[in-house]
$ cat coords37.cif   # mmCIF, C-alpha atoms and all ligand atoms
data_my_file
#
loop_
_atom_site.label_atom_id
_atom_site.label_comp_id
_atom_site.auth_asym_id
_atom_site.auth_seq_id
_atom_site.Cartn_x
_atom_site.Cartn_y
_atom_site.Cartn_z
CA MET E 1 -20.23 -138.55 -2.92
CA ALA E 2 -19.22 -140.97 -0.14
CA LYS E 3 -21.65 -143.60 1.07
CA ALA E 4 -21.63 -146.11 3.96
CA THR E 5 -24.06 -148.57 5.53
CA VAL E 6 -23.97 -149.84 9.09
CA GLU E 7 -26.27 -152.25 10.88
CA ALA E 8 -26.29 -151.68 14.64
CA PRO E 9 -28.16 -153.80 17.15
CA SER E 10 -30.33 -152.80 20.04
CA ASN E 11 -29.28 -153.63 23.59
CA ILE E 12 -31.06 -154.63 26.76
CA ALA E 13 -29.92 -152.99 29.99
CA PHE E 14 -29.30 -155.19 33.05
CA VAL E 15 -28.53 -152.05 35.11
CA LYS E 16 -30.69 -149.19 33.85
CA TYR E 17 -29.79 -145.67 32.83
CA TRP E 18 -32.62 -143.43 34.04
CA GLY E 19 -32.17 -139.73 34.82
CA VAL E 20 -29.83 -137.16 33.29
CA GLU E 21 -27.42 -134.55 34.51
CA ASP E 22 -27.43 -132.74 31.16
CA LEU E 23 -30.32 -133.64 28.89
CA ASP E 24 -29.01 -132.24 25.60
CA ARG E 25 -25.67 -133.98 25.97
CA ALA E 26 -27.25 -137.14 27.50
CA ILE E 27 -24.91 -137.10 30.46
CA PRO E 28 -26.40 -139.65 32.86
CA ARG E 29 -26.97 -139.39 36.59
CA ALA E 30 -26.16 -143.09 36.87
CA PRO E 31 -23.99 -145.90 35.48
CA SER E 32 -25.57 -148.66 33.37
CA LEU E 33 -24.68 -152.04 31.92
CA SER E 34 -26.20 -154.00 29.03
CA MET E 35 -26.05 -156.94 26.69
CA THR E 36 -25.93 -156.09 22.99
CA LEU E 37 -28.52 -158.02 20.97
CA ARG E 38 -28.10 -159.79 17.64
CA ARG E 39 -31.41 -159.77 15.75
CA CYS E 40 -33.14 -156.52 16.79
CA ALA E 41 -31.17 -154.06 14.70
CA SER E 42 -31.33 -150.90 12.59
CA ARG E 43 -29.67 -150.71 9.20
CA THR E 44 -28.75 -147.21 8.08
CA THR E 45 -27.24 -145.96 4.83
CA VAL E 46 -25.71 -142.48 4.82
CA ALA E 47 -24.44 -140.62 1.75
CA PHE E 48 -22.50 -137.38 2.10
CA THR E 49 -21.75 -134.80 -0.61
CA PRO E 50 -19.66 -131.67 0.00
CA ASP E 51 -22.40 -129.65 -1.75
CA SER E 52 -24.50 -127.97 0.97
CA SER E 53 -27.20 -126.73 -1.39
CA ASP E 54 -29.08 -130.06 -1.45
CA GLY E 55 -29.95 -129.99 2.28
CA ASP E 56 -30.33 -133.17 4.34
CA THR E 57 -32.86 -135.87 3.40
CA VAL E 58 -34.16 -138.47 5.87
CA LEU E 59 -35.94 -141.58 4.56
CA MET E 60 -37.45 -144.67 6.16
CA ALA E 61 -37.29 -148.03 4.40
CA ASP E 62 -40.30 -150.32 4.82
CA ALA E 63 -39.96 -154.09 5.23
CA GLU E 64 -39.74 -154.52 1.42
CA GLY E 65 -36.99 -151.91 1.20
CA SER E 66 -39.07 -149.14 -0.47
CA LEU E 67 -38.01 -145.70 0.72
CA HIS E 68 -40.45 -143.06 2.05
CA PRO E 69 -39.81 -139.61 3.55
CA ALA E 70 -39.60 -139.95 7.34
CA ASN E 71 -42.21 -138.15 9.44
CA ASP E 72 -41.16 -135.06 11.38
CA GLY E 73 -41.04 -136.82 14.73
CA PHE E 74 -38.37 -139.16 13.33
CA ALA E 75 -36.59 -136.74 10.98
CA GLN E 76 -36.07 -133.83 13.43
CA PRO E 77 -33.80 -135.59 15.95
CA VAL E 78 -31.96 -137.30 13.07
CA MET E 79 -31.25 -133.94 11.41
CA LYS E 80 -30.16 -132.45 14.72
CA HIS E 81 -27.69 -135.30 15.14
CA LEU E 82 -26.41 -134.92 11.56
CA ASN E 83 -25.72 -131.24 12.30
CA ARG E 84 -23.80 -132.25 15.40
CA LEU E 85 -21.69 -134.82 13.50
CA ARG E 86 -21.02 -132.40 10.64
CA ALA E 87 -19.85 -129.76 13.13
CA TRP E 88 -17.72 -132.32 15.01
CA ALA E 89 -16.00 -133.37 11.74
CA GLU E 90 -15.63 -129.69 10.71
CA ARG E 91 -17.18 -130.40 7.33
CA SER E 92 -19.88 -128.77 5.24
CA GLY E 93 -22.17 -130.62 2.87
CA SER E 94 -25.42 -132.58 2.71
CA PHE E 95 -26.48 -135.97 4.02
CA ARG E 96 -28.98 -138.42 2.56
CA VAL E 97 -30.05 -141.01 5.12
CA ALA E 98 -32.26 -144.10 4.97
CA THR E 99 -33.05 -146.44 7.88
CA GLN E 100 -34.77 -149.77 8.27
CA ASN E 101 -35.60 -151.49 11.57
CA SER E 102 -35.88 -155.25 11.94
CA PHE E 103 -38.37 -154.83 14.82
CA PRO E 104 -41.19 -152.49 16.02
CA ALA E 105 -39.89 -148.97 16.69
CA ALA E 106 -40.46 -146.81 19.82
CA ALA E 107 -42.06 -149.62 21.84
CA GLY E 108 -39.37 -150.05 24.47
CA LEU E 109 -37.33 -152.42 22.33
CA GLY E 110 -34.44 -150.01 21.99
CA SER E 111 -34.98 -148.80 18.43
CA SER E 112 -33.55 -145.39 19.32
CA ALA E 113 -30.38 -147.05 20.65
CA SER E 114 -29.87 -149.14 17.51
CA GLY E 115 -31.04 -146.35 15.19
CA PHE E 116 -28.75 -143.66 16.57
CA ALA E 117 -25.81 -146.04 16.87
CA ALA E 118 -26.22 -147.04 13.19
CA LEU E 119 -26.70 -143.41 12.14
CA THR E 120 -23.62 -142.22 14.04
CA LEU E 121 -21.34 -144.94 12.69
CA ALA E 122 -22.58 -144.73 9.08
CA ALA E 123 -22.30 -140.92 9.09
CA LEU E 124 -18.75 -141.08 10.48
CA ARG E 125 -17.79 -143.49 7.69
CA ALA E 126 -19.48 -141.34 5.05
CA LEU E 127 -17.50 -138.37 6.43
CA ASP E 128 -14.39 -140.53 6.03
CA THR E 129 -13.44 -140.29 9.69
CA TRP E 130 -13.17 -143.08 12.26
CA PRO E 131 -12.37 -141.88 15.80
CA ASP E 132 -11.55 -144.27 18.67
CA ALA E 133 -14.29 -146.40 20.24
CA ALA E 134 -14.81 -144.07 23.22
CA THR E 135 -15.34 -141.10 20.91
CA ARG E 136 -17.75 -143.09 18.72
CA SER E 137 -19.71 -144.06 21.83
CA ALA E 138 -19.73 -140.47 23.15
CA LEU E 139 -20.91 -139.16 19.77
CA ALA E 140 -23.72 -141.74 19.66
CA ARG E 141 -24.74 -140.73 23.19
CA GLN E 142 -25.10 -137.10 22.17
CA SER E 143 -27.89 -138.08 19.78
CA GLY E 144 -30.15 -137.77 22.83
CA SER E 145 -30.59 -141.53 23.08
CA GLY E 146 -28.14 -142.30 25.85
CA SER E 147 -28.40 -146.05 25.40
CA ALA E 148 -27.04 -145.61 21.83
CA ALA E 149 -23.67 -145.12 23.59
CA ARG E 150 -23.77 -148.85 24.45
CA SER E 151 -25.07 -150.07 21.06
CA VAL E 152 -21.89 -149.06 19.23
CA LEU E 153 -20.19 -151.98 21.02
CA GLY E 154 -20.86 -155.72 21.05
CA GLY E 155 -21.11 -158.30 23.82
CA TYR E 156 -21.47 -157.10 27.42
CA VAL E 157 -21.06 -153.36 27.77
CA ALA E 158 -20.73 -151.00 30.73
CA TRP E 159 -21.38 -147.29 30.63
CA PRO E 160 -19.72 -146.18 33.84
CA HIS E 161 -20.45 -142.86 35.41
CA GLY E 162 -17.01 -141.68 34.32
CA ASP E 163 -15.41 -138.53 32.97
CA ASN E 164 -15.52 -139.31 29.26
CA HIS E 165 -19.17 -140.42 29.37
CA ALA E 166 -18.54 -143.27 26.97
CA ALA E 167 -19.41 -146.95 27.14
CA GLU E 168 -16.73 -149.65 27.29
CA PRO E 169 -16.76 -153.38 26.50
CA ILE E 170 -16.59 -155.69 29.52
CA ALA E 171 -16.79 -159.11 27.82
CA PRO E 172 -17.07 -160.31 24.21
CA PRO E 173 -20.20 -162.16 23.04
CA THR E 174 -18.28 -165.45 23.01
CA HIS E 175 -17.64 -165.13 26.75
CA TRP E 176 -21.21 -166.14 27.71
CA ASP E 177 -24.16 -167.13 25.54
CA LEU E 178 -27.27 -165.58 27.12
CA ARG E 179 -30.61 -165.31 25.34
CA ASP E 180 -33.25 -162.59 25.38
CA VAL E 181 -36.74 -163.90 24.60
CA ILE E 182 -38.87 -160.80 24.07
CA ALA E 183 -42.58 -160.96 24.81
CA VAL E 184 -44.12 -158.23 22.65
CA VAL E 185 -47.40 -157.19 24.27
CA GLU E 186 -47.51 -153.73 22.71
CA THR E 187 -46.31 -152.43 19.35
CA GLU E 188 -47.65 -148.88 19.65
CA PRO E 189 -45.15 -146.14 20.50
CA LYS E 190 -44.79 -145.58 24.23
CA PRO E 191 -47.00 -142.84 25.78
CA VAL E 192 -44.14 -140.74 27.21
CA SER E 193 -40.69 -140.48 25.63
CA SER E 194 -37.58 -141.59 27.51
CA ARG E 195 -36.39 -138.01 27.18
CA GLN E 196 -39.30 -136.80 29.31
CA GLY E 197 -38.89 -139.76 31.65
CA HIS E 198 -35.21 -138.92 32.27
CA GLN E 199 -36.23 -135.36 33.13
CA ARG E 200 -38.94 -136.48 35.54
CA ALA E 201 -36.91 -139.17 37.34
CA PRO E 202 -35.56 -136.95 40.18
CA SER E 203 -39.14 -136.01 41.14
CA SER E 204 -39.63 -139.56 42.45
CA PRO E 205 -39.11 -139.66 46.23
CA PHE E 206 -37.23 -142.94 45.67
CA TYR E 207 -34.77 -141.67 43.07
CA GLU E 208 -31.86 -140.75 45.36
CA GLN E 209 -32.19 -144.09 47.11
CA ARG E 210 -32.02 -145.83 43.72
CA LEU E 211 -28.85 -143.94 42.81
CA SER E 212 -27.22 -145.03 46.07
CA HIS E 213 -27.66 -148.74 45.14
CA LEU E 214 -26.17 -148.51 41.67
CA PRO E 215 -22.40 -148.70 42.31
CA GLU E 216 -22.91 -152.01 44.16
CA ARG E 217 -25.27 -153.33 41.47
CA MET E 218 -22.76 -152.47 38.74
CA GLN E 219 -20.14 -154.40 40.68
CA ILE E 220 -22.40 -157.45 41.11
CA ALA E 221 -23.39 -157.36 37.43
CA ARG E 222 -19.74 -157.16 36.31
CA THR E 223 -18.50 -159.93 38.58
CA SER E 224 -21.40 -162.27 37.84
CA ILE E 225 -20.86 -161.78 34.09
CA GLU E 226 -17.13 -162.46 34.57
CA ALA E 227 -17.96 -165.65 36.52
CA ARG E 228 -20.92 -166.60 34.23
CA ASP E 229 -23.01 -166.80 37.40
CA PHE E 230 -26.65 -166.62 36.27
CA ASP E 231 -28.02 -167.39 39.76
CA ARG E 232 -26.46 -164.12 40.89
CA LEU E 233 -27.08 -162.03 37.75
CA GLY E 234 -30.71 -163.10 37.15
CA PRO E 235 -32.30 -161.65 40.32
CA LEU E 236 -30.39 -158.41 39.82
CA ILE E 237 -31.72 -158.10 36.24
CA GLU E 238 -35.30 -158.48 37.44
CA THR E 239 -34.88 -156.10 40.40
CA GLU E 240 -33.50 -153.45 38.06
CA GLY E 241 -36.33 -153.98 35.54
CA ILE E 242 -38.94 -153.48 38.25
CA GLU E 243 -37.16 -150.60 39.98
CA LEU E 244 -37.00 -148.53 36.79
CA HIS E 245 -40.79 -148.68 36.70
CA LEU E 246 -41.07 -147.94 40.41
CA ILE E 247 -39.31 -144.67 39.61
CA THR E 248 -41.45 -143.90 36.54
CA MET E 249 -44.71 -144.65 38.39
CA SER E 250 -43.71 -142.50 41.37
CA SER E 251 -42.47 -139.54 39.27
CA GLU E 252 -44.44 -136.29 39.12
CA PRO E 253 -46.56 -136.66 37.04
CA PRO E 254 -46.37 -140.47 37.05
CA ILE E 255 -45.60 -142.51 33.93
CA PHE E 256 -47.17 -145.95 33.44
CA TYR E 257 -45.32 -147.86 30.75
CA TRP E 258 -46.65 -151.23 31.90
CA LYS E 259 -49.87 -152.71 30.52
CA PRO E 260 -51.93 -155.41 32.28
CA ALA E 261 -50.22 -157.90 29.93
CA THR E 262 -46.81 -156.86 31.31
CA LEU E 263 -47.86 -158.07 34.77
CA LYS E 264 -49.24 -161.30 33.31
CA VAL E 265 -45.88 -162.02 31.67
CA LEU E 266 -44.08 -161.26 34.94
CA GLU E 267 -46.32 -163.80 36.66
CA VAL E 268 -45.59 -166.42 33.99
CA VAL E 269 -41.85 -165.80 34.41
CA ARG E 270 -42.14 -166.38 38.18
CA ALA E 271 -43.99 -169.64 37.41
CA MET E 272 -41.18 -170.65 35.04
CA ARG E 273 -38.71 -170.28 37.92
CA SER E 274 -40.90 -172.36 40.25
CA ASP E 275 -40.76 -175.05 37.56
CA GLY E 276 -36.97 -174.96 37.51
CA LEU E 277 -36.29 -172.74 34.49
CA ALA E 278 -33.56 -170.11 34.84
CA ALA E 279 -35.49 -167.10 33.52
CA TYR E 280 -35.57 -163.50 34.72
CA ALA E 281 -37.54 -160.60 33.29
CA THR E 282 -36.65 -157.00 32.58
CA MET E 283 -38.40 -154.09 30.91
CA ASP E 284 -37.05 -150.88 29.40
CA ALA E 285 -39.25 -147.79 29.04
CA GLY E 286 -42.16 -149.69 27.54
CA ALA E 287 -44.66 -152.49 28.17
CA ASN E 288 -42.71 -155.32 26.54
CA VAL E 289 -40.87 -157.89 28.59
CA HIS E 290 -37.39 -159.23 27.91
CA VAL E 291 -36.89 -162.66 29.45
CA ILE E 292 -33.20 -163.38 29.91
CA CYS E 293 -32.18 -167.03 30.12
CA PRO E 294 -29.39 -169.48 29.26
CA PRO E 295 -29.61 -171.28 25.87
CA GLN E 296 -30.87 -174.60 27.28
CA ASP E 297 -34.00 -172.93 28.69
CA GLU E 298 -34.76 -170.72 25.67
CA PRO E 299 -37.07 -173.12 23.75
CA GLU E 300 -39.30 -173.70 26.79
CA VAL E 301 -39.32 -170.00 27.73
CA ALA E 302 -40.31 -169.09 24.15
CA ALA E 303 -43.01 -171.80 24.04
CA ARG E 304 -44.59 -170.62 27.30
CA LEU E 305 -44.59 -166.97 26.19
CA ASN E 306 -45.99 -167.91 22.75
CA ALA E 307 -48.83 -169.76 24.45
CA MET E 308 -50.04 -166.56 26.16
CA ASN E 309 -53.03 -164.80 24.56
CA ASP E 310 -51.71 -161.41 25.62
CA VAL E 311 -48.41 -161.87 23.80
CA HIS E 312 -48.65 -160.67 20.17
CA MET E 313 -45.23 -161.85 19.13
CA VAL E 314 -42.15 -163.50 20.60
CA ILE E 315 -38.73 -162.39 19.35
CA ARG E 316 -35.92 -164.83 20.13
CA ASP E 317 -32.79 -162.79 20.41
CA GLY E 318 -29.51 -163.13 22.26
CA ILE E 319 -26.03 -161.75 22.80
CA GLY E 320 -24.51 -160.32 19.62
CA PRO E 321 -21.19 -159.03 18.30
CA GLY E 322 -22.22 -155.39 17.73
CA PRO E 323 -22.38 -153.21 14.63
CA THR E 324 -21.36 -154.46 11.20
CA THR E 325 -20.76 -152.95 7.77
CA LYS E 326 -21.28 -156.29 6.04
CA VAL E 327 -24.82 -155.45 4.93
CA GLU E 328 -26.45 -154.19 1.73
CA ASP E 329 -26.96 -150.48 1.11
CA LEU E 330 -30.55 -149.20 1.33
CA PHE E 331 -30.01 -146.97 -1.75
O1 LIG N 401 -31.48 -144.28 25.56
P1 LIG N 401 -32.62 -143.48 26.07
O2 LIG N 401 -32.23 -142.06 26.31
O3 LIG N 401 -33.83 -143.62 25.19
O4 LIG N 401 -33.01 -144.05 27.51
C1 LIG N 401 -33.52 -145.34 27.65
C2 LIG N 401 -33.14 -145.89 28.95
C3 LIG N 401 -33.66 -147.29 29.24
O5 LIG N 401 -33.78 -148.05 28.05
C4 LIG N 401 -35.01 -147.28 29.91
C5 LIG N 401 -32.66 -147.97 30.17
C6 LIG N 401 -31.34 -148.28 29.54
O6 LIG N 401 -30.32 -148.17 30.25
O7 LIG N 401 -31.29 -148.69 28.36
#

$ encode --input "coords37.cif" --output "structure tokens"
Amino acid sequence: MAKATVEAPSNIAFVKYWGVEDLDRAIPRAPSLSMTLRRCASRTTVAFTPDSSDGDTVLMADAEGSLHPANDGFAQPVMKHLNRLRAWAERSGSFRVATQNSFPAAAGLGSSASGFAALTLAALRALDTWPDAATRSALARQSGSGSAARSVLGGYVAWPHGDNHAAEPIAPPTHWDLRDVIAVVETEPKPVSSRQGHQRAPSSPFYEQRLSHLPERMQIARTSIEARDFDRLGPLIETEGIELHLITMSSEPPIFYWKPATLKVLEVVRAMRSDGLAAYATMDAGANVHVICPPQDEPEVAARLNAMNDVHMVIRDGIGPGPTTKVEDLF
């Protein structure tokens, strides 16, 4: 039996992936760009035995580390991805998998990105194979969570709309210390999966127009990261966060990921800027708000979000180095 454990972080997109060309292979209609986080992460242990008779087992670890069988909604896509990885490695045998998240799952905090990145990397190690970074990213993408393609890398990451459909690093975490203060206003799973949202995106009358802006936005995001220019990057982050939801709300049928509390946080973030703080908000497919800011403004941003009745929890995260194997096994 071979066993490996990987902890992979979530990421927050500055330019959003929304809409697919090929759903099963998670080939996007658009480029995207993100910052890999440090604290919001999934830890996954994978054991592989060449004996196929056992079948695959998928477990969830609770906060204390006790293992429980995963429910079907979680286990099915995991098993599908294990089949894909086994076929890719041309191996036969059984997997035993356990996962633990450091943050609420399925609430727009990117737990599918971190979870499938950790699963892909731990399974590859357990299969005793380690392809190049582009192949690792492309394999993570095929899990069905496209943003997992970016979570296999650290720092600032672009997923261009290129031929190999893999993400690539654009700057290491040491290049620029940015923080992500997450206002958690909702911990329940989102009402409509990203998978359905990607499918519905082209039904928005604004979708083609959105696609036409993205090459320029990718360019601005890249150059402002290179130049550490937050005055240029910040407004773009917030525009992208809002525009994603413009598309979801104008899809057929519409999807409302925002809650009233989401709008209240957006208002507080605008007030922060009027008071001289450098803070810009973005949301993924969920109600929670990520407030991106430089380190000197983080304590005040966190204090103001913590003071809001509608905010259940504030997670102070920031740019991180990407996946690591230097963690304890879950079994
Ligand atoms: O990774 P998926 O397939 O769950 O899609 C999520 C996409 C967004 O988080 C909404 C945007 C992004 O680029 O991460």

$ residues_around --input "coords37.cif" --residues "region 234-250 of chain E" --least-positions-apart "2" --cutoff "6 Å" --atoms "all atoms listed in the file" --output "list in words"
Phe14, Val15, Ser204, Phe230, Asp231, Arg232, Pro254, Ile255, Phe256, Tyr280, Ala281, Thr282 and Met283 of chain E

$ residues_near_ligand --input "coords37.cif" --ligand "ligand LIG 401 (chain N)" --cutoff "7 Å" --atoms "only C-alpha atoms and all ligand atoms" --output "PyMOL selection string"
chain E and resi 12-13+15-18+32+108+110+112-113+144-148+194-195+284-285

$ write_last_selection --input "coords37.cif" --atoms "C-alpha atoms" --output "PDB file, keeping the file's coordinate frame"
ATOM      1  CA  ILE E  12     -31.060-154.630  26.760  1.00  0.00           C
ATOM      2  CA  ALA E  13     -29.920-152.990  29.990  1.00  0.00           C
ATOM      3  CA  VAL E  15     -28.530-152.050  35.110  1.00  0.00           C
ATOM      4  CA  LYS E  16     -30.690-149.190  33.850  1.00  0.00           C
ATOM      5  CA  TYR E  17     -29.790-145.670  32.830  1.00  0.00           C
ATOM      6  CA  TRP E  18     -32.620-143.430  34.040  1.00  0.00           C
ATOM      7  CA  SER E  32     -25.570-148.660  33.370  1.00  0.00           C
ATOM      8  CA  GLY E 108     -39.370-150.050  24.470  1.00  0.00           C
ATOM      9  CA  GLY E 110     -34.440-150.010  21.990  1.00  0.00           C
ATOM     10  CA  SER E 112     -33.550-145.390  19.320  1.00  0.00           C
ATOM     11  CA  ALA E 113     -30.380-147.050  20.650  1.00  0.00           C
ATOM     12  CA  GLY E 144     -30.150-137.770  22.830  1.00  0.00           C
ATOM     13  CA  SER E 145     -30.590-141.530  23.080  1.00  0.00           C
ATOM     14  CA  GLY E 146     -28.140-142.300  25.850  1.00  0.00           C
ATOM     15  CA  SER E 147     -28.400-146.050  25.400  1.00  0.00           C
ATOM     16  CA  ALA E 148     -27.040-145.610  21.830  1.00  0.00           C
ATOM     17  CA  SER E 194     -37.580-141.590  27.510  1.00  0.00           C
ATOM     18  CA  ARG E 195     -36.390-138.010  27.180  1.00  0.00           C
ATOM     19  CA  ASP E 284     -37.050-150.880  29.400  1.00  0.00           C
ATOM     20  CA  ALA E 285     -39.250-147.790  29.040  1.00  0.00           C
TER      21      ALA E 285
END

$ residues_around --input "coords37.cif" --residues "region 294-306 of chain E" --least-positions-apart "6" --cutoff "7 Å" --atoms "all atoms listed in the file" --output "ChimeraX atom specification"
/E:177-179,181,183,277-278,314

$ write_last_selection --input "coords37.cif" --atoms "C-alpha atoms" --output "mmCIF file, in the frame of the given file"
data_model
loop_
_atom_site.group_PDB
_atom_site.id
_atom_site.type_symbol
_atom_site.label_atom_id
_atom_site.label_comp_id
_atom_site.auth_asym_id
_atom_site.auth_seq_id
_atom_site.Cartn_x
_atom_site.Cartn_y
_atom_site.Cartn_z
ATOM 1 C CA ASP E 177 -24.160 -167.130 25.540
ATOM 2 C CA LEU E 178 -27.270 -165.580 27.120
ATOM 3 C CA ARG E 179 -30.610 -165.310 25.340
ATOM 4 C CA VAL E 181 -36.740 -163.900 24.600
ATOM 5 C CA ALA E 183 -42.580 -160.960 24.810
ATOM 6 C CA LEU E 277 -36.290 -172.740 34.490
ATOM 7 C CA ALA E 278 -33.560 -170.110 34.840
ATOM 8 C CA VAL E 314 -42.150 -163.500 20.600
#

$ closest_residue --input "coords37.cif" --among "E:His81, E:Lys264, E:Lys190, E:His175" --to "Glu226 (chain E)" --atoms "only C-alpha atoms"
E:His175

$ atom_distance --input "coords37.cif" --atom1 "CA of Ala61 (chain E)" --atom2 "CA of Glu186 (chain E)"
21.7 Å

$ closest_residue --input "coords37.cif" --among "E:Pro202, E:Pro173, E:Gly154, E:Gly320" --to "Ser137 (chain E)" --atoms "all atoms listed in the file"
E:Gly154

$ closest_residue --input "coords37.cif" --among "E:Gly115, E:Gly93, E:Pro69, E:Pro77" --to "Ser53 (chain E)" --atoms "all atoms listed in the file"
E:Gly93

$ closest_residue --input "coords37.cif" --among "E:Val192, E:His161, E:Thr5, E:Asp22" --to "Pro215 (chain E)" --atoms "all atoms listed in the file"
E:His161

$ atom_distance --input "coords37.cif" --atom1 "CA of Arg39 (chain E)" --atom2 "CA of Asp317 (chain E)"
5.7 Å

$ atom_distance --input "coords37.cif" --atom1 "CA of Ile170 (chain E)" --atom2 "CA of Gln209 (chain E)"
26.2 Å

$ closest_residue --input "coords37.cif" --among "E:Arg84, E:Arg43, E:Lys259, E:Arg125" --to "Asp329 (chain E)" --atoms "only C-alpha atoms"
E:Arg43

$ closest_residue --input "coords37.cif" --among "E:Gln76, E:Arg228, E:Ser251, E:Glu328" --to "Gln199 (chain E)" --atoms "only C-alpha atoms"
E:Ser251

$ residues_around --input "coords37.cif" --residues "Gly65 (chain E)" --least-positions-apart "6" --cutoff "10 Å" --atoms "only C-alpha atoms" --output "PyMOL selection string"
chain E and resi 98-100+330-331

$ residues_around --input "coords37.cif" --residues "His312 (chain E)" --least-positions-apart "6" --cutoff "12 Å" --atoms "all atoms listed in the file" --output "PyMOL selection string"
chain E and resi 104+182-188+261-262+265+288-289+305-306

$ residues_near_point --input "coords37.cif" --point "(-17.2, -134.6, 1.9)" --cutoff "8 Å" --atoms "all atoms listed in the file" --output "list of chain:residue names"
E:Met1, E:Ala2, E:Phe48, E:Thr49, E:Pro50, E:Arg91, E:Ser92, E:Gly93, E:Ala126, E:Leu127, E:Asp128
